[in-house]
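Undergrad: Before I ask anything, let me first share the structure, which is written out below as structure tokens.
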Amino acid sequence: MRAQRHAVESMHGMVTSATASASEAGVEILKKGGNAIDATIATGLALAVTYPRAGNIGGGGFTVLRMADGRSVAIDFRERAPASATRDMYLDDKGNVAPGRSTIGRLAAGVPGTIAGFAELHRNYGSGKVSWAEVLEPARRLAHDGIIVTPALARDLAASRNFLSQFPESNRIFLRDGHLLQAGERWIQEDLACTLERLQRQGPREFYEGETARMLANDMARHGGLITLDDLRAYRAVKRDVLRGSYRGFEILTMPPPSSGGIALLQMLGMLESREVASLGHNSAAKIHLFAEVMRRAFRDRAEFLGDPDFVTVPTAGMLDRDYLKERMADFDPSHATRSEGMAAGEPRGASAARRSITGRRESNETTHYSVIDAQGNAAATTYTLNGLFGNGVTVPGAGFLLNNEMDDFTSKVGVKNLYGLIQGESNAIAGGKRPLSSMTPTLVLKDGAPFLITGSPGGPTIINTTLLVITNIIDHSMKVTQAVDAPRFHHQWMPDTINYEPFLTSLDSMRMLEAMGHRLTARKLYPNDPEASARYWGDAESILIDSKSGTRFGASDPRSADSAAIGY
Ligand code: DON
């Protein structure tokens, strides 16, 4: 591994996110007396302005938080299917999945949750010292005064030209009718600034019941979309109990369903805990083998059992039971890879009728994760998304923001791949009002009852394994947080039966040993025209580690993300 870069250190607050302006927005609110939750909202909204590929108000996501007084909660602001959505809505008249229907255009959008989630956070967990209007102000200012376009933003927009130009309002705002934004230019988003101002003046319900809601619903009605004013009015963020686990004496607080992330993460940690990891050495063949086998098993179960808990029974306790996880690893062979083909899911207590499903994979960075801690020790991990790059491509006319294509995270048809190559089961079938299954894994690790690590990542199914690797790099391999974030990643998700790996994962000898055990290894393919070859890497694990003795906050932005920054004070 190369020489180690330094983390950003601070003694009070810290924000790590995919753009420097968004991290600054969070710090601005902390300095005004806001807490980590207020800063979470400010950072999230600033990402909606500065990182439009994923930052959003037209999408949804999850925040896992822990207050300094010990309270913890998971806020679920995942999109919901519109009430009129139906199980087979993406199939053509022959019963095949109609290409693009669940990913491009209005039909792909779920009812956005971000503003409802942020309102819930502000109302129940904010400091009470900064008003709703104040937490929105940094984002409104960025939209109104403009941001300086970075090379990465210019490149992102140019690369999505064909996609965005299909929709006139997106063409106007994000492609300036063909006069592409250039690095170094100031970019003003007046419509978005007005939307944020309406939300400041009228409060968060404006998004669901006011002018913004009408703009969205009218556009849907005009173009055959499903989201109605009633859908918007009915949307609520949901408070859920955080999913709790432990690993080698550290406590883990993570996201429960409708994300699969927390359960899979805790399953993998549970399978690893009874085994030696540190002594195997970082990214030795033996270590990669063990982890790939653990990943394979967790992803097999994910495909089988998980969906929106408000619609299907998820056997969470059974899946996390120590004896169950031991049983799951009973056939682990230290010198041979298990075959994914024909591998059965486990039989956890509480599972309803087993469902058969198969997953494949393809990763990308169209989601974003950010971490916040304040001087008091309130901590929040947030991952939110439009799903695909720039969501469904549709900008709500007059409102200045893009909509998600989160409906594609549902099972369009059992056995057929979605955008990320996932083939999913019945538990995740489409139904009106249901939330699609996610892989987002915002996570807090506690040491001696206090926040120790705040982490998570984008990357579709790779999110879960990225989070696992960051945590185990620190706990098992005693890495500093920057090393843990920088270290090359690998990913197995049961199907396809392969270990996908980043450049420089391990030595050629170790790769040959893995192949001799029966593993297939796949380097991620380069995308054509990718100027940086950055597509060989995945994730953006914006993380913060807190030293329990000194209280120092170490911010580690992820070098895979060009504009990311850790900012503290
Ligand atoms: O919720 C999910 O799992 C996906 N919609 C996340 C998509 C994602 O992470 C894309 N980019 N990195």
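Letters for chains follow the order of the structure tokens (A, B, ...), residue numbers begin at 1 for each chain, and ligand numbers begin at 1 in the order shown.
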Pick out the residues sitting within 12 Å of A:Gly460, and hand them over as JSON, numbers by chain; count only C-alpha atoms, and ignore anything fewer than 3 positions along from it in its own chain.

TA: {"A": [259, 260, 261, 360, 361, 362, 363, 364, 365, 366, 367, 368, 369, 383, 384, 385, 386, 387, 388, 389, 406, 408, 409, 418, 419, 420, 421, 422, 437, 438, 439, 440, 441, 456, 457, 463, 464, 465, 466, 467, 491, 493, 538, 539, 540]}

Undergrad: Name the residues in contact with stretch 483-490 of chain A at a cut-off of 9 Å, using only C-alpha atoms, excluding same-chain residues fewer than 2 positions from it; report them as a JSON list (two decimals) with C-alpha atoms, in the first residue's frame.

TA:
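As written to disk, around.json reads:
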[["chain", "number", "residue", "atom", "x", "y", "z"],
["A", 1, "MET", "CA", 0.00, 0.00, 0.00],
["A", 4, "GLN", "CA", -0.51, 7.06, 3.89],
["A", 5, "ARG", "CA", -2.23, 10.39, 3.42],
["A", 283, "ASN", "CA", -5.75, -9.03, 1.39],
["A", 288, "ILE", "CA", -9.95, -12.71, 0.42],
["A", 292, "ALA", "CA", -15.68, -13.85, -0.48],
["A", 462, "THR", "CA", -21.07, -3.10, -3.54],
["A", 465, "ASN", "CA", -19.12, -4.96, 1.03],
["A", 466, "THR", "CA", -17.39, -1.57, 0.95],
["A", 469, "LEU", "CA", -14.17, -3.72, 4.32],
["A", 470, "VAL", "CA", -13.82, -0.25, 5.86],
["A", 471, "ILE", "CA", -14.97, -1.55, 9.26],
["A", 472, "THR", "CA", -12.79, -4.68, 9.24],
["A", 473, "ASN", "CA", -9.77, -2.79, 7.90],
["A", 474, "ILE", "CA", -9.96, -0.70, 11.06],
["A", 477, "HIS", "CA", -6.17, -4.80, 10.51],
["A", 478, "SER", "CA", -5.67, -1.80, 12.82],
["A", 479, "MET", "CA", -5.63, 0.62, 9.90],
["A", 480, "LYS", "CA", -6.03, 4.34, 10.25],
["A", 481, "VAL", "CA", -9.26, 5.59, 8.77],
["A", 492, "HIS", "CA", -18.61, -10.97, -4.27],
["A", 499, "ILE", "CA", -14.67, -11.89, -7.12],
["A", 500, "ASN", "CA", -14.68, -8.45, -8.64],
["A", 501, "TYR", "CA", -11.61, -6.47, -7.63],
["A", 502, "GLU", "CA", -10.07, -3.03, -7.78],
["A", 503, "PRO", "CA", -6.55, -2.52, -9.20],
["A", 504, "PHE", "CA", -3.69, -3.51, -6.89],
["A", 505, "LEU", "CA", -5.92, -5.62, -4.65],
["A", 506, "THR", "CA", -3.24, -8.20, -4.02],
["A", 537, "TYR", "CA", -12.81, 1.71, -8.67],
["A", 538, "TRP", "CA", -16.08, 1.83, -6.80],
["A", 540, "ASP", "CA", -17.18, 6.69, -2.00],
["A", 541, "ALA", "CA", -16.85, 5.85, 1.69],
["A", 542, "GLU", "CA", -16.98, 9.31, 3.26],
["A", 543, "SER", "CA", -15.98, 8.38, 6.80],
["A", 556, "ALA", "CA", -11.41, 10.66, 5.64],
["A", 557, "SER", "CA", -12.96, 11.61, 2.33],
["A", 558, "ASP", "CA", -12.65, 8.94, -0.32],
["A", 559, "PRO", "CA", -10.00, 9.63, -2.99],
["A", 560, "ARG", "CA", -12.16, 7.78, -5.52]]

Undergrad: Which residues are near stretch 246-254 of chain A? Cut-off 6 Å, only C-alpha atoms, ignore same chain within fewer than 3 positions. Put them as a PyMOL selection string.

TA: chain A and resi 242-243+262+443-447

Undergrad: Quick one: pick out all helix (DSSP H, G or I) residues within stretch 170-373 of chain A from a backbone DSSP run and write them as a ChimeraX atom specification.

TA: /A:170-174,176-178,190-202,205-209,211-222,229-234,261-273,278-280,285-305,316-320,322-328

Undergrad: May I have the selected residues written with C-alpha atoms, as a PDB file, in the first residue's frame?

TA:
ATOM      1  CA  SER A 170     -33.134  18.687 -18.194  1.00  0.00           C
ATOM      2  CA  ASN A 171     -31.632  19.745 -21.492  1.00  0.00           C
ATOM      3  CA  ARG A 172     -32.266  23.373 -20.591  1.00  0.00           C
ATOM      4  CA  ILE A 173     -30.947  23.252 -17.030  1.00  0.00           C
ATOM      5  CA  PHE A 174     -28.226  20.620 -16.986  1.00  0.00           C
ATOM      6  CA  ARG A 176     -27.891  24.536 -21.216  1.00  0.00           C
ATOM      7  CA  ASP A 177     -29.483  23.504 -24.484  1.00  0.00           C
ATOM      8  CA  GLY A 178     -26.248  22.046 -25.760  1.00  0.00           C
ATOM      9  CA  GLU A 190     -32.456  29.728 -10.351  1.00  0.00           C
ATOM     10  CA  ASP A 191     -35.437  27.350 -10.379  1.00  0.00           C
ATOM     11  CA  LEU A 192     -33.876  25.183  -7.686  1.00  0.00           C
ATOM     12  CA  ALA A 193     -33.112  28.304  -5.629  1.00  0.00           C
ATOM     13  CA  CYS A 194     -36.808  29.282  -5.890  1.00  0.00           C
ATOM     14  CA  THR A 195     -37.925  25.804  -4.833  1.00  0.00           C
ATOM     15  CA  LEU A 196     -35.632  25.938  -1.815  1.00  0.00           C
ATOM     16  CA  GLU A 197     -36.927  29.406  -0.994  1.00  0.00           C
ATOM     17  CA  ARG A 198     -40.541  28.173  -1.132  1.00  0.00           C
ATOM     18  CA  LEU A 199     -39.550  25.382   1.251  1.00  0.00           C
ATOM     19  CA  GLN A 200     -37.905  27.904   3.553  1.00  0.00           C
ATOM     20  CA  ARG A 201     -40.964  30.144   3.610  1.00  0.00           C
ATOM     21  CA  GLN A 202     -43.715  27.552   3.731  1.00  0.00           C
ATOM     22  CA  ARG A 205     -44.966  20.152   3.557  1.00  0.00           C
ATOM     23  CA  GLU A 206     -44.782  22.602   0.661  1.00  0.00           C
ATOM     24  CA  PHE A 207     -42.944  19.900  -1.245  1.00  0.00           C
ATOM     25  CA  TYR A 208     -45.849  17.499  -0.754  1.00  0.00           C
ATOM     26  CA  GLU A 209     -48.859  19.824  -0.802  1.00  0.00           C
ATOM     27  CA  GLU A 211     -46.656  24.655  -5.525  1.00  0.00           C
ATOM     28  CA  THR A 212     -43.779  22.177  -5.821  1.00  0.00           C
ATOM     29  CA  ALA A 213     -46.166  19.239  -5.450  1.00  0.00           C
ATOM     30  CA  ARG A 214     -48.455  20.698  -8.103  1.00  0.00           C
ATOM     31  CA  MET A 215     -45.564  21.215 -10.531  1.00  0.00           C
ATOM     32  CA  LEU A 216     -44.518  17.594 -10.054  1.00  0.00           C
ATOM     33  CA  ALA A 217     -48.004  16.094 -10.268  1.00  0.00           C
ATOM     34  CA  ASN A 218     -48.971  18.207 -13.292  1.00  0.00           C
ATOM     35  CA  ASP A 219     -45.897  17.090 -15.182  1.00  0.00           C
ATOM     36  CA  MET A 220     -46.659  13.475 -14.306  1.00  0.00           C
ATOM     37  CA  ALA A 221     -50.246  13.809 -15.484  1.00  0.00           C
ATOM     38  CA  ARG A 222     -49.180  15.429 -18.751  1.00  0.00           C
ATOM     39  CA  LEU A 229     -51.024  14.906  -5.552  1.00  0.00           C
ATOM     40  CA  ASP A 230     -52.550  12.225  -3.327  1.00  0.00           C
ATOM     41  CA  ASP A 231     -49.342  10.189  -3.491  1.00  0.00           C
ATOM     42  CA  LEU A 232     -47.323  13.226  -2.507  1.00  0.00           C
ATOM     43  CA  ARG A 233     -49.719  14.201   0.277  1.00  0.00           C
ATOM     44  CA  ALA A 234     -49.633  10.673   1.681  1.00  0.00           C
ATOM     45  CA  GLY A 261     -27.524  -3.368   3.862  1.00  0.00           C
ATOM     46  CA  GLY A 262     -27.659  -3.603   7.643  1.00  0.00           C
ATOM     47  CA  ILE A 263     -28.773  -7.223   7.809  1.00  0.00           C
ATOM     48  CA  ALA A 264     -26.165  -8.345   5.275  1.00  0.00           C
ATOM     49  CA  LEU A 265     -23.420  -6.373   7.037  1.00  0.00           C
ATOM     50  CA  LEU A 266     -24.270  -7.877  10.431  1.00  0.00           C
ATOM     51  CA  GLN A 267     -24.552 -11.355   8.949  1.00  0.00           C
ATOM     52  CA  MET A 268     -21.082 -11.054   7.451  1.00  0.00           C
ATOM     53  CA  LEU A 269     -19.573  -9.660  10.647  1.00  0.00           C
ATOM     54  CA  GLY A 270     -21.300 -12.452  12.575  1.00  0.00           C
ATOM     55  CA  MET A 271     -19.808 -15.096  10.282  1.00  0.00           C
ATOM     56  CA  LEU A 272     -16.337 -13.537  10.587  1.00  0.00           C
ATOM     57  CA  GLU A 273     -16.301 -12.948  14.318  1.00  0.00           C
ATOM     58  CA  ALA A 278      -6.041 -10.200  11.542  1.00  0.00           C
ATOM     59  CA  SER A 279      -3.534 -13.043  11.420  1.00  0.00           C
ATOM     60  CA  LEU A 280      -4.469 -13.882   7.828  1.00  0.00           C
ATOM     61  CA  ALA A 285      -5.388 -15.088  -0.514  1.00  0.00           C
ATOM     62  CA  ALA A 286      -6.733 -16.708   2.654  1.00  0.00           C
ATOM     63  CA  LYS A 287      -8.376 -13.496   3.801  1.00  0.00           C
ATOM     64  CA  ILE A 288      -9.946 -12.715   0.419  1.00  0.00           C
ATOM     65  CA  HIS A 289     -11.203 -16.295   0.231  1.00  0.00           C
ATOM     66  CA  LEU A 290     -12.797 -16.126   3.679  1.00  0.00           C
ATOM     67  CA  PHE A 291     -14.451 -12.790   2.956  1.00  0.00           C
ATOM     68  CA  ALA A 292     -15.684 -13.850  -0.481  1.00  0.00           C
ATOM     69  CA  GLU A 293     -17.323 -16.897   1.097  1.00  0.00           C
ATOM     70  CA  VAL A 294     -18.981 -14.778   3.754  1.00  0.00           C
ATOM     71  CA  MET A 295     -20.180 -12.273   1.117  1.00  0.00           C
ATOM     72  CA  ARG A 296     -21.515 -15.093  -1.055  1.00  0.00           C
ATOM     73  CA  ARG A 297     -23.645 -16.435   1.783  1.00  0.00           C
ATOM     74  CA  ALA A 298     -25.016 -13.072   2.897  1.00  0.00           C
ATOM     75  CA  PHE A 299     -25.979 -12.086  -0.655  1.00  0.00           C
ATOM     76  CA  ARG A 300     -27.656 -15.432  -1.177  1.00  0.00           C
ATOM     77  CA  ASP A 301     -29.868 -14.745   1.826  1.00  0.00           C
ATOM     78  CA  ARG A 302     -30.458 -11.148   0.744  1.00  0.00           C
ATOM     79  CA  ALA A 303     -31.988 -12.284  -2.517  1.00  0.00           C
ATOM     80  CA  GLU A 304     -34.220 -14.727  -0.723  1.00  0.00           C
ATOM     81  CA  PHE A 305     -35.700 -13.005   2.264  1.00  0.00           C
ATOM     82  CA  THR A 316     -34.394 -10.366  10.791  1.00  0.00           C
ATOM     83  CA  ALA A 317     -33.770 -12.026  14.166  1.00  0.00           C
ATOM     84  CA  GLY A 318     -33.433 -15.452  12.581  1.00  0.00           C
ATOM     85  CA  MET A 319     -30.995 -14.184   9.963  1.00  0.00           C
ATOM     86  CA  LEU A 320     -28.783 -12.615  12.636  1.00  0.00           C
ATOM     87  CA  ARG A 322     -25.389 -16.593  16.090  1.00  0.00           C
ATOM     88  CA  ASP A 323     -26.183 -20.288  15.716  1.00  0.00           C
ATOM     89  CA  TYR A 324     -27.800 -19.675  12.346  1.00  0.00           C
ATOM     90  CA  LEU A 325     -24.705 -17.829  11.104  1.00  0.00           C
ATOM     91  CA  LYS A 326     -22.461 -20.601  12.410  1.00  0.00           C
ATOM     92  CA  GLU A 327     -24.571 -23.098  10.551  1.00  0.00           C
ATOM     93  CA  ARG A 328     -24.375 -20.938   7.431  1.00  0.00           C
TER      94      ARG A 328
END

Undergrad: So how far away is atom 11 (N, counted along the ligand's line) of ligand 1 from atom CA of A:Thr498, in Å?

TA: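 Computing it gives 19.9 Å between the two atoms.
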
Undergrad: A:Thr338, A:Ser564, A:Asn404, A:Ser507: which is nearest ligand 1, counting only C-alpha atoms and all ligand atoms?

TA: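 Distance minimum relative to ligand 1 lands on A:Asn404.
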
Undergrad: Just asking: which residues within stretch 111-340 of chain A are strand (DSSP E or B) according to DSSP, as a PyMOL selection string?

TA: chain A and resi 111+147-148+186-187+238-240+243-247+250-254+259+333+336

Undergrad: Take atom CA of A:His336 and atom CA of A:His282 and report the distance between them in Å, one decimal.

TA: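 Between these atoms lies a distance of 19.3 Å.
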
Undergrad: If I take atom CA of A:Asp69 and atom CA of A:Glu28, how far is one from the other in Å, to one decimal?

TA: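 Atom-to-atom, atom CA of A:Asp69 and atom CA of A:Glu28 are spaced 23.3 Å apart.
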
Undergrad: With distances taken over only C-alpha atoms and all ligand atoms, which residue among A:Ser274, A:Thr228, A:Thr103, A:Ser72 lies nearest ligand 1?

TA: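 Smallest separation from ligand 1 among the options: A:Thr103.
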
Undergrad: Between A:Ser340, A:Asn405, A:Ser21, A:Ser84, which has the minimum distance to ligand 1 (counting only C-alpha atoms and all ligand atoms)?

TA: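 Among the listed residues, the smallest separation from ligand 1 belongs to A:Asn405.
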
Undergrad: Do a neighbour search on stretch 146-152 of chain A at 12 Å with only C-alpha atoms, toss out local chain neighbours closer than 5 positions, and write the hits as a PyMOL selection string.

TA: chain A and resi 18-22+46-47+49-53+138-141+157-159+174+180-193+530-532+534+560-564

Undergrad: Have a look at A:Arg236, A:Arg435, A:His12, A:His122 and name the one nearest to ligand 1; count only C-alpha atoms and all ligand atoms.

TA: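 Of the candidates, the smallest distance to ligand 1 is held by A:Arg435.
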
Undergrad: Rank A:Met511, A:Ile57, A:Met14, A:Ile227 by their smallest atom-to-atom distance to A:Gly433, using only C-alpha atoms, and report the top residue only.

TA: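 Closest residue, counting only C-alpha atoms: A:Ile227.
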
Undergrad: I need the residue nearest ligand 1 from this list: A:Ala54, A:Met255, A:Ile430, A:Ala566. Use only C-alpha atoms and all ligand atoms for the distance.

TA: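 So, comparing all the options, the nearest one is A:Ala54.
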
Undergrad: Can you tell me which residues surround A:Leu306 at a distance of at most 7 Å, considering only C-alpha atoms, apart from same-chain residues fewer than 6 positions away, and format the answer as a PyMOL selection string?

TA: chain A and resi 260+314+427-428

Undergrad: What would the file look like if the residues just selected were written as a PDB file, in the first residue's frame with N, CA and C atoms?

TA:
ATOM      1  N   SER A 260     -31.371  -3.747   2.614  1.00  0.00           N
ATOM      2  CA  SER A 260     -30.789  -5.052   2.890  1.00  0.00           C
ATOM      3  C   SER A 260     -29.417  -4.877   3.535  1.00  0.00           C
ATOM      4  N   VAL A 314     -39.945 -10.063   7.219  1.00  0.00           N
ATOM      5  CA  VAL A 314     -38.492 -10.241   7.074  1.00  0.00           C
ATOM      6  C   VAL A 314     -37.982 -10.944   8.342  1.00  0.00           C
ATOM      7  N   SER A 427     -40.315 -11.206  -2.583  1.00  0.00           N
ATOM      8  CA  SER A 427     -40.478 -10.301  -1.433  1.00  0.00           C
ATOM      9  C   SER A 427     -40.343  -8.849  -1.864  1.00  0.00           C
ATOM     10  N   ASN A 428     -39.677  -8.633  -2.982  1.00  0.00           N
ATOM     11  CA  ASN A 428     -39.426  -7.273  -3.438  1.00  0.00           C
ATOM     12  C   ASN A 428     -40.273  -6.931  -4.677  1.00  0.00           C
TER      13      ASN A 428
END
